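Next comes entry09.cif, a file with mmCIF, N, CA and C atoms.
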data_model
#
loop_
_atom_site.label_atom_id
_atom_site.label_comp_id
_atom_site.auth_asym_id
_atom_site.auth_seq_id
_atom_site.Cartn_x
_atom_site.Cartn_y
_atom_site.Cartn_z
N MET I 1 0.84 -1.19 0.00
CA MET I 1 0.00 0.00 0.00
C MET I 1 0.88 1.25 0.00
N PRO I 2 0.44 2.28 -0.68
CA PRO I 2 1.19 3.54 -0.67
C PRO I 2 1.10 4.24 0.69
N LYS I 3 2.05 5.10 0.91
CA LYS I 3 2.11 5.90 2.13
C LYS I 3 1.20 7.11 1.98
N GLY I 4 0.48 7.48 3.03
CA GLY I 4 -0.37 8.67 3.01
C GLY I 4 0.47 9.94 3.02
N ASN I 5 -0.10 11.02 2.49
CA ASN I 5 0.63 12.29 2.39
C ASN I 5 1.16 12.79 3.72
N ALA I 6 0.37 12.68 4.78
CA ALA I 6 0.82 13.15 6.10
C ALA I 6 2.07 12.40 6.54
N TYR I 7 2.16 11.12 6.19
CA TYR I 7 3.31 10.32 6.59
C TYR I 7 4.53 10.57 5.70
N LYS I 8 4.29 10.95 4.46
CA LYS I 8 5.41 11.32 3.59
C LYS I 8 6.14 12.54 4.15
N THR I 9 5.37 13.57 4.50
CA THR I 9 5.99 14.78 5.04
C THR I 9 6.53 14.54 6.45
N ALA I 10 5.86 13.71 7.23
CA ALA I 10 6.33 13.40 8.58
C ALA I 10 7.66 12.63 8.53
N THR I 11 7.81 11.76 7.53
CA THR I 11 9.06 11.01 7.38
C THR I 11 10.20 11.95 7.05
N LEU I 12 9.97 12.87 6.13
CA LEU I 12 11.01 13.86 5.80
C LEU I 12 11.35 14.72 7.01
N GLN I 13 10.33 15.16 7.72
CA GLN I 13 10.54 15.98 8.92
C GLN I 13 11.39 15.22 9.94
N SER I 14 11.05 13.98 10.17
CA SER I 14 11.75 13.16 11.15
C SER I 14 13.19 12.87 10.72
N ASN I 15 13.36 12.48 9.46
CA ASN I 15 14.69 12.09 8.99
C ASN I 15 15.66 13.24 8.82
N LEU I 16 15.15 14.42 8.44
CA LEU I 16 16.05 15.51 8.06
C LEU I 16 16.06 16.70 9.01
N ILE I 17 15.02 16.89 9.77
CA ILE I 17 14.96 18.07 10.64
C ILE I 17 15.00 17.68 12.11
N ASP I 18 14.13 16.77 12.52
CA ASP I 18 14.02 16.42 13.95
C ASP I 18 15.23 15.68 14.49
N ASN I 19 15.97 14.98 13.64
CA ASN I 19 17.12 14.20 14.11
C ASN I 19 18.40 15.02 14.26
N GLY I 20 18.33 16.31 14.10
CA GLY I 20 19.52 17.15 14.25
C GLY I 20 20.10 17.52 12.90
N ASN I 21 21.36 17.91 12.90
CA ASN I 21 22.02 18.39 11.68
C ASN I 21 22.21 17.28 10.66
N THR I 22 22.09 17.66 9.40
CA THR I 22 22.43 16.76 8.30
C THR I 22 23.47 17.47 7.43
N PHE I 23 24.26 16.67 6.73
CA PHE I 23 25.39 17.22 5.99
C PHE I 23 25.43 16.64 4.59
N LEU I 24 25.80 17.48 3.62
CA LEU I 24 25.91 17.03 2.24
C LEU I 24 27.34 16.60 1.96
N ALA I 25 27.48 15.40 1.42
CA ALA I 25 28.77 14.86 1.02
C ALA I 25 28.77 14.68 -0.49
N LEU I 26 29.89 14.96 -1.12
CA LEU I 26 30.05 14.77 -2.57
C LEU I 26 30.76 13.45 -2.83
N PHE I 27 30.31 12.73 -3.85
CA PHE I 27 30.89 11.45 -4.20
C PHE I 27 31.23 11.41 -5.68
N SER I 28 32.28 10.69 -6.02
CA SER I 28 32.62 10.49 -7.44
C SER I 28 31.94 9.24 -7.99
N THR I 29 31.55 8.32 -7.11
CA THR I 29 30.79 7.14 -7.51
C THR I 29 29.54 7.08 -6.65
N ASN I 30 28.54 6.37 -7.13
CA ASN I 30 27.27 6.28 -6.41
C ASN I 30 27.49 5.77 -4.99
N PRO I 31 27.11 6.55 -3.97
CA PRO I 31 27.34 6.11 -2.60
C PRO I 31 26.49 4.91 -2.19
N GLY I 32 25.35 4.73 -2.86
CA GLY I 32 24.46 3.64 -2.49
C GLY I 32 23.92 3.81 -1.09
N ALA I 33 23.03 2.94 -0.72
CA ALA I 33 22.38 3.02 0.59
C ALA I 33 23.34 2.78 1.75
N ASP I 34 24.46 2.11 1.46
CA ASP I 34 25.41 1.80 2.52
C ASP I 34 26.60 2.75 2.58
N GLY I 35 26.64 3.74 1.68
CA GLY I 35 27.73 4.71 1.70
C GLY I 35 29.04 4.18 1.17
N SER I 36 29.00 3.09 0.39
CA SER I 36 30.24 2.46 -0.07
C SER I 36 30.86 3.12 -1.29
N GLY I 37 30.24 4.17 -1.81
CA GLY I 37 30.83 4.89 -2.94
C GLY I 37 32.09 5.63 -2.50
N THR I 38 32.72 6.31 -3.44
CA THR I 38 33.96 7.03 -3.15
C THR I 38 33.65 8.50 -2.90
N GLU I 39 33.81 8.93 -1.65
CA GLU I 39 33.63 10.34 -1.32
C GLU I 39 34.83 11.12 -1.84
N VAL I 40 34.56 12.30 -2.39
CA VAL I 40 35.66 13.10 -2.93
C VAL I 40 36.58 13.56 -1.80
N VAL I 41 37.82 13.80 -2.18
CA VAL I 41 38.80 14.30 -1.22
C VAL I 41 39.66 15.33 -1.93
N TYR I 42 39.77 16.49 -1.35
CA TYR I 42 40.73 17.49 -1.81
C TYR I 42 41.02 18.41 -0.64
N ASP I 43 42.13 19.13 -0.71
CA ASP I 43 42.54 20.03 0.37
C ASP I 43 41.43 21.02 0.69
N GLY I 44 40.93 20.99 1.91
CA GLY I 44 39.88 21.92 2.33
C GLY I 44 38.47 21.37 2.22
N TYR I 45 38.31 20.20 1.57
CA TYR I 45 36.97 19.62 1.43
C TYR I 45 36.43 19.19 2.78
N GLU I 46 35.18 19.52 3.02
CA GLU I 46 34.45 18.99 4.18
C GLU I 46 32.97 18.96 3.83
N ARG I 47 32.27 18.06 4.46
CA ARG I 47 30.82 17.99 4.27
C ARG I 47 30.19 19.29 4.75
N LYS I 48 29.11 19.68 4.10
CA LYS I 48 28.45 20.95 4.42
C LYS I 48 27.08 20.74 5.06
N ALA I 49 26.81 21.53 6.09
CA ALA I 49 25.51 21.47 6.76
C ALA I 49 24.42 21.92 5.78
N ILE I 50 23.25 21.31 5.92
CA ILE I 50 22.12 21.63 5.05
C ILE I 50 21.01 22.26 5.88
N THR I 51 20.48 23.38 5.40
CA THR I 51 19.31 24.00 6.01
C THR I 51 18.12 23.64 5.14
N TRP I 52 17.14 22.99 5.76
CA TRP I 52 15.98 22.50 5.02
C TRP I 52 14.78 23.41 5.19
N GLY I 53 13.92 23.42 4.19
CA GLY I 53 12.64 24.11 4.27
C GLY I 53 11.62 23.22 4.96
N THR I 54 10.37 23.52 4.76
CA THR I 54 9.29 22.74 5.35
C THR I 54 8.87 21.65 4.36
N PRO I 55 8.75 20.41 4.81
CA PRO I 55 8.28 19.36 3.90
C PRO I 55 6.89 19.70 3.37
N ALA I 56 6.66 19.37 2.10
CA ALA I 56 5.37 19.66 1.46
C ALA I 56 5.03 18.54 0.48
N ILE I 57 3.79 18.54 0.04
CA ILE I 57 3.35 17.59 -0.97
C ILE I 57 3.36 18.29 -2.32
N ASN I 58 3.99 17.65 -3.29
CA ASN I 58 4.04 18.15 -4.65
C ASN I 58 3.42 17.05 -5.53
N GLY I 59 2.18 17.24 -5.93
CA GLY I 59 1.46 16.17 -6.62
C GLY I 59 1.15 15.07 -5.62
N SER I 60 1.76 13.92 -5.81
CA SER I 60 1.57 12.81 -4.86
C SER I 60 2.86 12.47 -4.12
N VAL I 61 3.85 13.35 -4.23
CA VAL I 61 5.17 13.09 -3.65
C VAL I 61 5.45 14.07 -2.52
N GLY I 62 5.96 13.55 -1.42
CA GLY I 62 6.44 14.42 -0.35
C GLY I 62 7.83 14.90 -0.73
N GLU I 63 8.11 16.19 -0.53
CA GLU I 63 9.44 16.69 -0.87
C GLU I 63 9.88 17.78 0.10
N ILE I 64 11.20 17.94 0.17
CA ILE I 64 11.80 18.97 0.98
C ILE I 64 13.03 19.47 0.22
N LYS I 65 13.31 20.78 0.32
CA LYS I 65 14.42 21.38 -0.42
C LYS I 65 15.31 22.20 0.51
N ASN I 66 16.55 22.39 0.08
CA ASN I 66 17.46 23.25 0.83
C ASN I 66 17.02 24.71 0.69
N THR I 67 17.16 25.48 1.77
CA THR I 67 16.72 26.89 1.74
C THR I 67 17.89 27.86 1.75
N THR I 68 19.10 27.34 1.77
CA THR I 68 20.29 28.20 1.70
C THR I 68 21.26 27.62 0.67
N LEU I 69 22.11 28.48 0.18
CA LEU I 69 23.16 28.08 -0.75
C LEU I 69 24.09 27.09 -0.05
N ILE I 70 24.47 26.01 -0.73
CA ILE I 70 25.43 25.05 -0.18
C ILE I 70 26.71 25.21 -0.98
N GLU I 71 27.74 25.75 -0.32
CA GLU I 71 29.01 26.04 -0.99
C GLU I 71 30.14 25.22 -0.38
N PHE I 72 30.84 24.50 -1.23
CA PHE I 72 32.02 23.77 -0.80
C PHE I 72 33.24 24.65 -1.04
N THR I 73 34.35 24.29 -0.45
CA THR I 73 35.60 25.03 -0.60
C THR I 73 36.09 24.95 -2.04
N VAL I 74 36.73 26.00 -2.49
CA VAL I 74 37.33 26.03 -3.83
C VAL I 74 38.39 24.93 -3.91
N VAL I 75 38.41 24.22 -5.03
CA VAL I 75 39.41 23.17 -5.25
C VAL I 75 40.76 23.84 -5.50
N PRO I 76 41.77 23.59 -4.63
CA PRO I 76 43.04 24.29 -4.79
C PRO I 76 43.94 23.72 -5.89
N THR I 77 43.84 22.43 -6.15
CA THR I 77 44.65 21.77 -7.16
C THR I 77 43.80 20.73 -7.88
N SER I 78 43.97 20.62 -9.16
CA SER I 78 43.18 19.65 -9.93
C SER I 78 43.35 18.24 -9.38
N THR I 79 42.21 17.52 -9.29
CA THR I 79 42.24 16.17 -8.72
C THR I 79 42.01 15.09 -9.79
N GLY I 80 41.43 15.48 -10.93
CA GLY I 80 41.09 14.50 -11.94
C GLY I 80 39.80 13.75 -11.64
N VAL I 81 39.11 14.16 -10.57
CA VAL I 81 37.89 13.49 -10.12
C VAL I 81 36.69 14.35 -10.50
N ILE I 82 35.56 13.69 -10.78
CA ILE I 82 34.31 14.40 -11.03
C ILE I 82 33.33 14.05 -9.93
N ALA I 83 32.81 15.06 -9.25
CA ALA I 83 31.75 14.85 -8.25
C ALA I 83 30.43 14.76 -9.00
N ALA I 84 29.85 13.56 -9.05
CA ALA I 84 28.63 13.34 -9.81
C ALA I 84 27.46 12.92 -8.93
N TYR I 85 27.75 12.59 -7.67
CA TYR I 85 26.73 12.09 -6.74
C TYR I 85 26.84 12.83 -5.41
N ALA I 86 25.77 12.75 -4.66
CA ALA I 86 25.77 13.35 -3.32
C ALA I 86 25.00 12.44 -2.38
N ALA I 87 25.30 12.62 -1.10
CA ALA I 87 24.55 11.90 -0.07
C ALA I 87 24.29 12.86 1.08
N VAL I 88 23.10 12.76 1.64
CA VAL I 88 22.77 13.47 2.87
C VAL I 88 23.22 12.53 3.98
N MET I 89 24.14 13.02 4.81
CA MET I 89 24.77 12.19 5.83
C MET I 89 24.40 12.65 7.23
N SER I 90 24.53 11.74 8.18
CA SER I 90 24.21 12.04 9.58
C SER I 90 25.39 12.61 10.34
N ALA I 91 26.58 12.65 9.74
CA ALA I 91 27.77 13.17 10.43
C ALA I 91 28.56 14.07 9.51
N GLN I 92 29.26 15.03 10.09
CA GLN I 92 30.05 15.97 9.30
C GLN I 92 31.41 15.41 8.91
N THR I 93 31.95 14.50 9.69
CA THR I 93 33.29 13.99 9.46
C THR I 93 33.30 12.96 8.33
N VAL I 94 34.20 13.17 7.37
CA VAL I 94 34.34 12.23 6.25
C VAL I 94 34.66 10.84 6.81
N GLY I 95 33.97 9.84 6.26
CA GLY I 95 34.19 8.47 6.71
C GLY I 95 33.34 8.06 7.90
N GLN I 96 32.53 8.98 8.40
CA GLN I 96 31.68 8.66 9.55
C GLN I 96 30.22 8.95 9.21
N GLY I 97 29.33 8.42 10.03
CA GLY I 97 27.90 8.67 9.87
C GLY I 97 27.24 7.72 8.90
N ASN I 98 25.95 7.89 8.76
CA ASN I 98 25.14 7.03 7.90
C ASN I 98 24.53 7.83 6.76
N VAL I 99 24.32 7.16 5.65
CA VAL I 99 23.62 7.75 4.52
C VAL I 99 22.13 7.82 4.88
N ILE I 100 21.55 9.00 4.73
CA ILE I 100 20.12 9.17 4.98
C ILE I 100 19.38 9.12 3.63
N TYR I 101 19.85 9.89 2.66
CA TYR I 101 19.35 9.87 1.29
C TYR I 101 20.55 10.05 0.38
N TYR I 102 20.43 9.60 -0.89
CA TYR I 102 21.55 9.73 -1.83
C TYR I 102 21.01 9.77 -3.25
N GLY I 103 21.86 10.25 -4.17
CA GLY I 103 21.48 10.25 -5.57
C GLY I 103 22.45 11.05 -6.43
N ALA I 104 22.16 11.09 -7.72
CA ALA I 104 22.99 11.83 -8.66
C ALA I 104 22.77 13.33 -8.47
N LEU I 105 23.81 14.10 -8.65
CA LEU I 105 23.69 15.56 -8.63
C LEU I 105 23.05 16.03 -9.93
N GLY I 106 22.43 17.18 -9.89
CA GLY I 106 21.84 17.76 -11.10
C GLY I 106 22.89 18.21 -12.09
N ALA I 107 24.11 18.46 -11.61
CA ALA I 107 25.23 18.86 -12.45
C ALA I 107 26.47 18.15 -11.95
N ASN I 108 27.37 17.81 -12.86
CA ASN I 108 28.65 17.23 -12.46
C ASN I 108 29.64 18.35 -12.16
N TYR I 109 30.51 18.12 -11.20
CA TYR I 109 31.52 19.11 -10.83
C TYR I 109 32.90 18.50 -11.05
N PRO I 110 33.58 18.86 -12.16
CA PRO I 110 34.95 18.40 -12.34
C PRO I 110 35.81 19.12 -11.30
N LEU I 111 36.51 18.37 -10.49
CA LEU I 111 37.28 18.97 -9.40
C LEU I 111 38.65 19.40 -9.90
N ILE I 112 38.62 20.51 -10.66
CA ILE I 112 39.85 21.10 -11.17
C ILE I 112 40.11 22.40 -10.42
N GLN I 113 41.34 22.84 -10.47
CA GLN I 113 41.74 24.04 -9.73
C GLN I 113 40.79 25.20 -10.00
N GLY I 114 40.33 25.83 -8.91
CA GLY I 114 39.48 27.00 -9.02
C GLY I 114 37.98 26.73 -9.00
N VAL I 115 37.57 25.47 -9.16
CA VAL I 115 36.15 25.13 -9.14
C VAL I 115 35.64 25.17 -7.70
N LYS I 116 34.46 25.76 -7.52
CA LYS I 116 33.82 25.82 -6.20
C LYS I 116 32.46 25.14 -6.33
N PRO I 117 32.39 23.84 -5.98
CA PRO I 117 31.09 23.17 -6.07
C PRO I 117 30.04 23.89 -5.23
N THR I 118 28.93 24.24 -5.86
CA THR I 118 27.88 25.03 -5.22
C THR I 118 26.52 24.50 -5.65
N LEU I 119 25.65 24.32 -4.67
CA LEU I 119 24.27 23.94 -4.97
C LEU I 119 23.38 25.12 -4.63
N PRO I 120 22.69 25.68 -5.62
CA PRO I 120 21.82 26.84 -5.37
C PRO I 120 20.66 26.50 -4.42
N ILE I 121 20.04 27.53 -3.92
CA ILE I 121 18.85 27.37 -3.06
C ILE I 121 17.80 26.58 -3.85
N ALA I 122 17.17 25.64 -3.16
CA ALA I 122 16.09 24.80 -3.69
C ALA I 122 16.53 23.83 -4.79
N SER I 123 17.84 23.61 -4.93
CA SER I 123 18.30 22.67 -5.97
C SER I 123 18.54 21.27 -5.42
N LEU I 124 18.57 21.13 -4.11
CA LEU I 124 18.70 19.81 -3.48
C LEU I 124 17.32 19.41 -3.00
N THR I 125 16.74 18.43 -3.66
CA THR I 125 15.38 17.98 -3.33
C THR I 125 15.42 16.53 -2.89
N VAL I 126 14.82 16.26 -1.74
CA VAL I 126 14.68 14.90 -1.24
C VAL I 126 13.20 14.57 -1.27
N THR I 127 12.88 13.36 -1.73
CA THR I 127 11.47 12.99 -1.87
C THR I 127 11.13 11.72 -1.11
N GLU I 128 9.85 11.60 -0.78
CA GLU I 128 9.26 10.38 -0.20
C GLU I 128 8.02 10.08 -1.01
N THR I 129 7.88 8.82 -1.44
CA THR I 129 6.71 8.43 -2.22
C THR I 129 5.85 7.43 -1.44
#
Just give me the structure as structure tokens.
Amino acid sequence: MPKGNAYKTATLQSNLIDNGNTFLALFSTNPGADGSGTEVVYDGYERKAITWGTPAINGSVGEIKNTTLIEFTVVPTSTGVIAAYAAVMSAQTVGQGNVIYYGALGANYPLIQGVKPTLPIASLTVTET
């Protein structure tokens, strides 16, 4: 049976807001549900805190979006890696915490010198169906 709308938004509220801080991690390979993908690494990289809006229903889908710009540190030296995936994590420290949600980024970020991976407001959307 499908989940009711009130429970879709309640799940998002519980998973992303009520449980404390959540952090965005960039990955070069799909992190999967277990976080086994390859998280990017470069001088100054760290997971970024996410500020969420209010969960809402969009059609038949529960969704929540970031309400602030998410900016990572400028890449100081080319790495040859492309950040193509992201995961919402339960911990800020690389290599720690659990994957809460994950998926492909809307844009790929080649991690070359001078690039500053940035996700605009409302560009990170998490859904519950």
Which residues, written as number ranges by chain, have at least one atom at most 6 Å from region 49-60 of chain I, with only C-alpha atoms counted and residues fewer than 2 positions away on the same chain left out? I: 9, 22-23, 62-67
What would the selection look like, as number ranges by chain, if the PyMOL selection byres ((chain I and resi 94-98) around 8) were run on the coordinates I just shared? I: 33-35, 39, 45-47, 87-93, 99-101
Neighbouring residues of Thr73 (chain I) were defined as those with any atom within 8 Å, considering only N, CA and C atoms; residues of the same chain fewer than 6 positions away were excluded. Please report them as a list of chain:residue names.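 Listed by chain and then number, they are I:Asp43, I:Gly44, I:Tyr45, I:Glu46, I:Gly114, I:Val115, I:Lys116, I:Pro117, I:Thr118.
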May I have the residues from that selection written out with N, CA and C atoms, as an mmCIF file, in the frame of the given file?
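As a result, selection23.cif now contains:
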data_model
loop_
_atom_site.group_PDB
_atom_site.id
_atom_site.type_symbol
_atom_site.label_atom_id
_atom_site.label_comp_id
_atom_site.auth_asym_id
_atom_site.auth_seq_id
_atom_site.Cartn_x
_atom_site.Cartn_y
_atom_site.Cartn_z
ATOM 1 N N ASP I 43 42.130 19.130 -0.710
ATOM 2 C CA ASP I 43 42.540 20.030 0.370
ATOM 3 C C ASP I 43 41.430 21.020 0.690
ATOM 4 N N GLY I 44 40.930 20.990 1.910
ATOM 5 C CA GLY I 44 39.880 21.920 2.330
ATOM 6 C C GLY I 44 38.470 21.370 2.220
ATOM 7 N N TYR I 45 38.310 20.200 1.570
ATOM 8 C CA TYR I 45 36.970 19.620 1.430
ATOM 9 C C TYR I 45 36.430 19.190 2.780
ATOM 10 N N GLU I 46 35.180 19.520 3.020
ATOM 11 C CA GLU I 46 34.450 18.990 4.180
ATOM 12 C C GLU I 46 32.970 18.960 3.830
ATOM 13 N N GLY I 114 40.330 25.830 -8.910
ATOM 14 C CA GLY I 114 39.480 27.000 -9.020
ATOM 15 C C GLY I 114 37.980 26.730 -9.000
ATOM 16 N N VAL I 115 37.570 25.470 -9.160
ATOM 17 C CA VAL I 115 36.150 25.130 -9.140
ATOM 18 C C VAL I 115 35.640 25.170 -7.700
ATOM 19 N N LYS I 116 34.460 25.760 -7.520
ATOM 20 C CA LYS I 116 33.820 25.820 -6.200
ATOM 21 C C LYS I 116 32.460 25.140 -6.330
ATOM 22 N N PRO I 117 32.390 23.840 -5.980
ATOM 23 C CA PRO I 117 31.090 23.170 -6.070
ATOM 24 C C PRO I 117 30.040 23.890 -5.230
ATOM 25 N N THR I 118 28.930 24.240 -5.860
ATOM 26 C CA THR I 118 27.880 25.030 -5.220
ATOM 27 C C THR I 118 26.520 24.500 -5.650
#
Between atom N of Leu111 (chain I) and atom C of Leu24 (chain I), what distance in Å does the model show, to one decimal? 15.6 Å
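Of the listed residues I:Ser28, I:Thr68, I:Asn19, I:Ser123, the one whose atoms come nearest to Ala83 (chain I) is I:Ser28, with distances taken using only C-alpha atoms.
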Please return, as an MDAnalysis selection string, all residues of region 1-128 of chain I that DSSP assigns to alpha helix (DSSP H) on the basis of the backbone. chainID I and resid 5:12
With all atoms listed in the file as the counted atoms, please give the residues lying no more than 8 Å from Val81 (chain I), apart from itself and same-chain residues fewer than 6 positions off, as a PyMOL selection string. chain I and resi 27-28+40-41+109-112
Residue selection dump (N, CA and C atoms) as a tab-separated table (two decimals), keeping the file's coordinate frame:
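Saved as result_17.tsv:
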chain	number	residue	atom	x	y	z
I	27	PHE	N	30.31	12.73	-3.85
I	27	PHE	CA	30.89	11.45	-4.20
I	27	PHE	C	31.23	11.41	-5.68
I	28	SER	N	32.28	10.69	-6.02
I	28	SER	CA	32.62	10.49	-7.44
I	28	SER	C	31.94	9.24	-7.99
I	40	VAL	N	34.56	12.30	-2.39
I	40	VAL	CA	35.66	13.10	-2.93
I	40	VAL	C	36.58	13.56	-1.80
I	41	VAL	N	37.82	13.80	-2.18
I	41	VAL	CA	38.80	14.30	-1.22
I	41	VAL	C	39.66	15.33	-1.93
I	109	TYR	N	30.51	18.12	-11.20
I	109	TYR	CA	31.52	19.11	-10.83
I	109	TYR	C	32.90	18.50	-11.05
I	110	PRO	N	33.58	18.86	-12.16
I	110	PRO	CA	34.95	18.40	-12.34
I	110	PRO	C	35.81	19.12	-11.30
I	111	LEU	N	36.51	18.37	-10.49
I	111	LEU	CA	37.28	18.97	-9.40
I	111	LEU	C	38.65	19.40	-9.90
I	112	ILE	N	38.62	20.51	-10.66
I	112	ILE	CA	39.85	21.10	-11.17
I	112	ILE	C	40.11	22.40	-10.42
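You will find CA of Pro2 (chain I) at 18.0 Å from atom N of Ser14 (chain I).
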Enclosing box along x, y and z for every listed atom of region 66-81 of chain I, padded 4 Å each side, centre and size in Å, one decimal, as lines of an AutoDock Vina configuration file:
center_x = 30.6
center_y = 21.0
center_z = -5.1
size_x = 36.1
size_y = 23.0
size_z = 21.7
